[in-house]
>>> print(open('work25.tsv').read())   # TSV, C-alpha atoms and all ligand atoms
chain	number	residue	atom	x	y	z
C	1	MET	CA	136.01	82.32	154.11
C	2	LYS	CA	139.71	82.26	155.02
C	3	TYR	CA	140.60	85.12	157.35
C	4	LYS	CA	144.03	86.64	157.65
C	5	LYS	CA	146.12	86.15	160.79
C	6	MET	CA	146.82	89.62	162.14
C	7	GLN	CA	150.35	91.02	161.94
C	8	GLN	CA	152.22	93.75	163.81
C	9	ALA	CA	151.55	96.12	160.87
C	10	ASP	CA	147.80	95.71	161.47
C	11	PHE	CA	148.13	96.49	165.19
C	12	THR	CA	150.24	99.56	164.40
C	13	PHE	CA	147.71	100.84	161.84
C	14	LEU	CA	144.83	100.34	164.29
C	15	GLU	CA	146.71	101.85	167.22
C	16	ASN	CA	147.31	104.97	165.16
C	17	LEU	CA	143.54	105.22	164.64
C	18	VAL	CA	142.33	104.75	168.22
C	19	GLY	CA	145.35	105.52	170.41
C	20	LYS	CA	147.51	103.22	172.53
C	21	GLU	CA	145.13	103.29	175.52
C	22	ASN	CA	142.23	101.96	173.43
C	23	LEU	CA	143.96	98.94	171.90
C	24	LYS	CA	144.93	95.74	173.73
C	25	ILE	CA	146.64	92.61	172.42
C	26	LYS	CA	147.68	89.20	173.76
C	27	ASP	CA	147.83	89.02	177.57
C	28	GLN	CA	146.53	92.61	177.88
C	29	ILE	CA	143.11	91.28	176.80
C	30	GLU	CA	140.82	90.57	179.76
C	31	GLU	CA	139.44	87.05	180.15
C	32	ASP	CA	135.90	88.46	180.43
C	33	LEU	CA	136.07	89.50	176.78
C	34	ALA	CA	136.51	85.91	175.61
C	35	HIS	CA	132.95	84.92	176.56
C	36	ASP	CA	129.50	86.34	177.17
C	37	GLU	CA	127.28	86.10	180.23
C	38	LEU	CA	126.42	82.42	179.70
C	39	LYS	CA	129.98	81.24	178.88
C	40	THR	CA	128.90	78.51	176.46
C	41	VAL	CA	131.53	79.54	173.91
C	42	PHE	CA	135.01	80.86	174.56
C	43	ALA	CA	137.46	82.60	172.21
C	44	TYR	CA	139.94	85.45	172.50
C	45	PRO	CA	140.18	88.14	169.84
C	46	GLU	CA	143.58	89.00	168.37
C	47	VAL	CA	142.98	92.60	169.32
C	48	HIS	CA	140.50	94.41	171.58
C	49	ILE	CA	139.71	97.87	170.28
C	50	ILE	CA	137.67	100.41	172.22
C	51	VAL	CA	136.15	102.90	169.81
C	52	THR	CA	135.10	106.40	170.77
C	53	ASP	CA	133.45	107.69	167.57
C	54	LYS	CA	131.81	106.59	164.35
C	55	PHE	CA	134.68	107.76	162.15
C	56	GLN	CA	137.01	105.30	163.86
C	57	ILE	CA	134.48	102.54	163.19
C	58	MET	CA	134.26	103.49	159.51
C	59	LYS	CA	138.04	103.35	159.13
C	60	ILE	CA	138.40	100.10	161.09
C	61	MET	CA	135.68	98.38	159.05
C	62	ALA	CA	137.16	99.56	155.74
C	63	TYR	CA	140.61	98.30	156.81
C	64	ALA	CA	139.31	94.97	158.13
C	65	ASN	CA	137.32	94.42	154.96
C	66	LYS	CA	140.33	95.06	152.76
C	67	GLN	CA	142.65	92.91	154.89
C	68	LEU	CA	140.13	90.08	155.47
C	69	ILE	CA	140.22	90.48	159.25
C	70	PRO	CA	137.06	89.30	161.08
C	71	VAL	CA	135.30	91.87	163.29
C	72	THR	CA	132.99	91.07	166.21
C	73	VAL	CA	131.13	93.93	167.88
C	74	ARG	CA	130.75	93.85	171.64
C	75	GLY	CA	128.47	95.84	173.92
C	76	SER	CA	128.20	94.85	177.58
C	77	GLY	CA	128.58	91.12	176.83
C	78	THR	CA	125.31	90.24	178.57
C	79	GLY	CA	124.13	88.16	175.60
C	80	LEU	CA	123.29	84.51	176.20
C	81	VAL	CA	124.05	82.87	172.85
C	82	GLY	CA	127.74	83.66	172.29
C	83	ALA	CA	127.09	86.26	169.58
C	84	CYS	CA	129.64	88.77	170.95
C	85	VAL	CA	132.39	86.12	171.23
C	86	PRO	CA	135.08	86.47	168.52
C	87	LEU	CA	135.07	82.86	167.32
C	88	TYR	CA	137.36	83.64	164.37
C	89	GLY	CA	139.76	85.86	166.32
C	90	GLY	CA	140.49	89.19	164.66
C	91	ILE	CA	139.10	92.44	166.03
C	92	LEU	CA	136.80	92.74	169.02
C	93	LEU	CA	135.19	96.14	168.44
C	94	ASP	CA	134.03	97.45	171.78
C	95	THR	CA	131.40	100.22	171.69
C	96	THR	CA	130.95	100.73	175.44
C	97	LYS	CA	132.78	104.08	175.46
C	98	MET	CA	130.43	105.48	172.81
C	99	ASN	CA	127.91	106.25	175.49
C	100	LYS	CA	126.47	109.69	174.84
C	101	ILE	CA	122.79	110.54	174.70
C	102	ILE	CA	122.68	113.00	171.82
C	103	GLU	CA	119.15	114.30	171.49
C	104	LEU	CA	115.61	113.75	172.74
C	105	ASP	CA	112.98	114.81	170.24
C	106	LYS	CA	109.88	115.12	172.41
C	107	THR	CA	107.61	115.88	169.45
C	108	ASN	CA	108.39	112.63	167.64
C	109	LEU	CA	109.25	110.71	170.84
C	110	THR	CA	112.62	109.76	169.43
C	111	LEU	CA	115.89	109.46	171.30
C	112	ARG	CA	119.20	109.71	169.41
C	113	VAL	CA	122.03	107.93	171.21
C	114	GLU	CA	125.41	106.37	170.65
C	115	PRO	CA	125.39	102.53	170.74
C	116	GLY	CA	127.11	102.11	174.09
C	117	VAL	CA	124.47	103.86	176.19
C	118	LEU	CA	123.12	101.41	178.79
C	119	LEU	CA	119.44	100.55	179.05
C	120	MET	CA	119.38	101.73	182.67
C	121	GLU	CA	120.76	105.11	181.54
C	122	ILE	CA	118.07	105.43	178.87
C	123	SER	CA	115.28	104.63	181.33
C	124	GLU	CA	116.64	107.10	183.89
C	125	TYR	CA	117.04	109.83	181.26
C	126	VAL	CA	113.54	109.56	179.76
C	127	GLU	CA	111.83	109.14	183.13
C	128	LYS	CA	113.18	112.55	184.15
C	129	GLU	CA	111.26	113.87	181.13
C	130	ASN	CA	108.12	112.04	182.28
C	131	LEU	CA	108.45	109.49	179.45
C	132	PHE	CA	108.68	105.70	179.45
C	133	TYR	CA	111.11	103.42	177.55
C	134	ALA	CA	109.26	100.13	177.13
C	135	PRO	CA	111.81	97.52	175.92
C	136	ASP	CA	113.07	95.85	179.06
C	137	PRO	CA	115.27	92.77	178.86
C	138	GLY	CA	116.12	91.51	182.35
C	139	GLU	CA	119.68	92.83	182.21
C	140	LYS	CA	119.69	96.65	182.52
C	141	SER	CA	123.45	96.92	182.05
C	142	ALA	CA	123.07	95.83	178.39
C	143	THR	CA	123.85	98.49	175.78
C	144	ILE	CA	121.26	99.84	173.39
C	145	GLY	CA	123.46	98.63	170.48
C	146	GLY	CA	123.40	95.06	171.76
C	147	ASN	CA	119.72	95.39	172.56
C	148	ILE	CA	118.84	96.40	169.00
C	149	ALA	CA	121.19	93.84	167.42
C	150	THR	CA	119.57	90.99	169.37
C	151	ASN	CA	116.06	92.43	169.27
C	152	ALA	CA	115.99	91.89	173.02
C	153	GLY	CA	112.64	92.55	174.64
C	154	GLY	CA	110.90	92.13	177.96
C	155	MET	CA	107.64	92.27	179.83
C	156	ARG	CA	107.12	96.02	180.12
C	157	ALA	CA	105.98	96.34	176.49
C	158	VAL	CA	102.79	94.39	177.19
C	159	ASN	CA	99.83	96.32	178.52
C	160	THR	CA	97.52	93.89	180.25
C	161	GLU	CA	94.83	96.42	181.22
C	201	LIG	C1	120.16	88.34	183.59
C	201	LIG	C2	119.89	88.51	182.12
C	201	LIG	C3	118.59	88.73	181.70
C	201	LIG	C4	118.28	88.88	180.34
C	201	LIG	N1	117.00	89.08	179.98
C	201	LIG	C5	116.68	89.18	178.68
C	201	LIG	C6	115.29	89.34	178.30
C	201	LIG	O1	114.40	89.43	179.14
C	201	LIG	N2	115.02	89.44	176.98
C	201	LIG	C7	116.00	89.38	176.03
C	201	LIG	O2	115.70	89.47	174.84
C	201	LIG	N3	117.33	89.23	176.37
C	201	LIG	C8	117.67	89.13	177.66
C	201	LIG	N4	119.00	88.97	178.01
C	201	LIG	C9	120.04	88.94	176.97
C	201	LIG	C10	120.86	90.25	176.81
C	201	LIG	O3	120.75	91.09	177.94
C	201	LIG	C11	120.41	91.03	175.60
C	201	LIG	O4	120.64	90.27	174.45
C	201	LIG	C12	121.16	92.38	175.49
C	201	LIG	O5	120.38	93.28	174.79
C	201	LIG	C13	122.53	92.30	174.86
C	201	LIG	O6	123.15	93.59	174.96
C	201	LIG	P1	124.73	93.72	175.19
C	201	LIG	O7	125.10	95.16	175.17
C	201	LIG	O8	125.16	92.98	176.40
C	201	LIG	O9	125.27	93.00	173.87
C	201	LIG	P2	126.43	91.90	173.70
C	201	LIG	O10	126.11	90.68	174.49
C	201	LIG	O11	127.73	92.55	173.90
C	201	LIG	O12	126.24	91.57	172.15
C	201	LIG	C14	125.09	90.89	171.70
C	201	LIG	C15	125.05	90.93	170.15
C	201	LIG	O13	124.86	92.28	169.72
C	201	LIG	C16	125.92	92.67	168.85
C	201	LIG	N5	126.20	94.08	169.09
C	201	LIG	C17	126.48	94.67	170.29
C	201	LIG	N6	126.63	95.99	170.13
C	201	LIG	C18	126.45	96.23	168.81
C	201	LIG	C19	126.49	97.42	168.03
C	201	LIG	N7	126.76	98.61	168.56
C	201	LIG	N8	126.26	97.31	166.68
C	201	LIG	C20	126.00	96.11	166.13
C	201	LIG	N9	125.95	94.95	166.82
C	201	LIG	C21	126.16	95.02	168.14
C	201	LIG	C22	127.08	91.73	169.19
C	201	LIG	O14	127.98	91.59	168.11
C	201	LIG	C23	126.33	90.45	169.48
C	201	LIG	O15	125.98	89.84	168.25
C	201	LIG	C24	119.33	88.82	179.37
C	201	LIG	C25	120.65	88.63	179.80
C	201	LIG	C26	120.94	88.47	181.15
C	201	LIG	C27	122.36	88.27	181.57
>>> encode(input="work25.tsv", output="structure tokens", more="lines below")
Ligand SMILES: Cc1cc2nc3c(=O)[nH]c(=O)nc-3n(C[C@H](O)[C@H](O)[C@H](O)COP(=O)(O)OP(=O)(O)OC[C@H]3O[C@@H](n4cnc5c(N)ncnc54)[C@H](O)[C@@H]3O)c2cc1C
Amino acid sequence: MKYKKMQQADFTFLENLVGKENLKIKDQIEEDLAHDELKTVFAYPEVHIIVTDKFQIMKIMAYANKQLIPVTVRGSGTGLVGACVPLYGGILLDTTKMNKIIELDKTNLTLRVEPGVLLMEISEYVEKENLFYAPDPGEKSATIGGNIATNAGGMRAVNTE
């Protein structure tokens, strides 16, 4: 697949969608965003976009698809295999500001959240309701989006009694 090199027109279109404060290019992009926790791979995106709602994501994905711009989603960047590193450049789509807990359905034991909610926030929230969130990868600052995408687990799900 040959991806397009991004142009000023692309940055302008995307900036109009998310606002100036949520779009960074070139030397505005932090070095931390070019690698994950383990730093085995390193690559900068052409643009770092912080999304705040699902409608922005829909529009960005439709645009990127049409323009052949690669998109890499990033949560907290605590992954260990380079999956959140934008190897092909393009858009780094950052979901960390989509961090609202929307609804706890206590009857069905289901929590509806945005993807950027942190695991530590989920645990704290449900424990106040006398409930327990079992998945427990070692890094509590990971987002639920990254957790689900990597199927990250941990020891708390195993009952040894
Ligand atoms: C100290 C430490 C301990 C750890 N312990 C464990 C462990 O015990 N078990 C375990 O399984 N893992 C563990 N991990 C790995 C890591 O914490 C998990 O993979 C974590 O769930 C990744 O979440 P993140 O928000 O940091 O995602 P990122 O690292 O930002 O992204 C990881 C992947 O998820 C994708 N992604 C992120 N958000 C979204 C989204 N909203 N929609 C779609 N895709 C998305 C990214 O594109 C990328 O492919 C550990 C990491 C560290 C640093």
>>> residues_near_ligand(input="work25.tsv", ligand="ligand LIG 201 (chain C)", cutoff="10 Å", atoms="all atoms listed in the file", output="ChimeraX atom specification")
/C:33,35-38,71-86,92-96,98,114-119,135-156
>>> closest_residue(input="work25.tsv", among="C:Tyr88, C:Leu131, C:Glu103, C:Lys54", to="Phe42 in chain C", atoms="all atoms listed in the file")
C:Tyr88
>>> closest_residue(input="work25.tsv", among="C:Ile25, C:Ile69, C:Ile102, C:Ile60", to="Met6 in chain C", atoms="only C-alpha atoms")
C:Ile69
>>> closest_residue(input="work25.tsv", among="C:Ala62, C:Tyr44, C:Pro70, C:Asp53", to="Lys100 in chain C", atoms="only C-alpha atoms")
C:Asp53
>>> atom_distance(input="work25.tsv", atom1="CA of Tyr3 in chain C", atom2="CA of His48 in chain C")
17.0 Å
>>> atom_distance(input="work25.tsv", atom1="CA of Lys97 in chain C", atom2="CA of Ile50 in chain C")
6.9 Å
>>> atom_distance(input="work25.tsv", atom1="CA of Thr12 in chain C", atom2="CA of Asp32 in chain C")
24.2 Å
>>> residues_around(input="work25.tsv", residues="Gln28 in chain C", least_positions_apart="2", cutoff="12 Å", atoms="all atoms listed in the file", output="ChimeraX atom specification")
/C:20-26,30-33,44-49
>>> closest_residue(input="work25.tsv", among="C:Asn130, C:Glu121, C:Thr40, C:Tyr63", to="Ala9 in chain C", atoms="all atoms listed in the file")
C:Tyr63
>>> axis_aligned_box(input="work25.tsv", around="range 66-79 of chain C", padding_each_side="6 Å", output="AutoDock Vina command-line options")
--center_x 133.4 --center_y 92.0 --center_z 165.7 --size_x 30.5 --size_y 19.7 --size_z 37.8
>>> closest_residue(input="work25.tsv", among="C:Ser123, C:Gln8, C:Lys128, C:Gly90", to="Asn65 in chain C", atoms="only C-alpha atoms")
C:Gly90
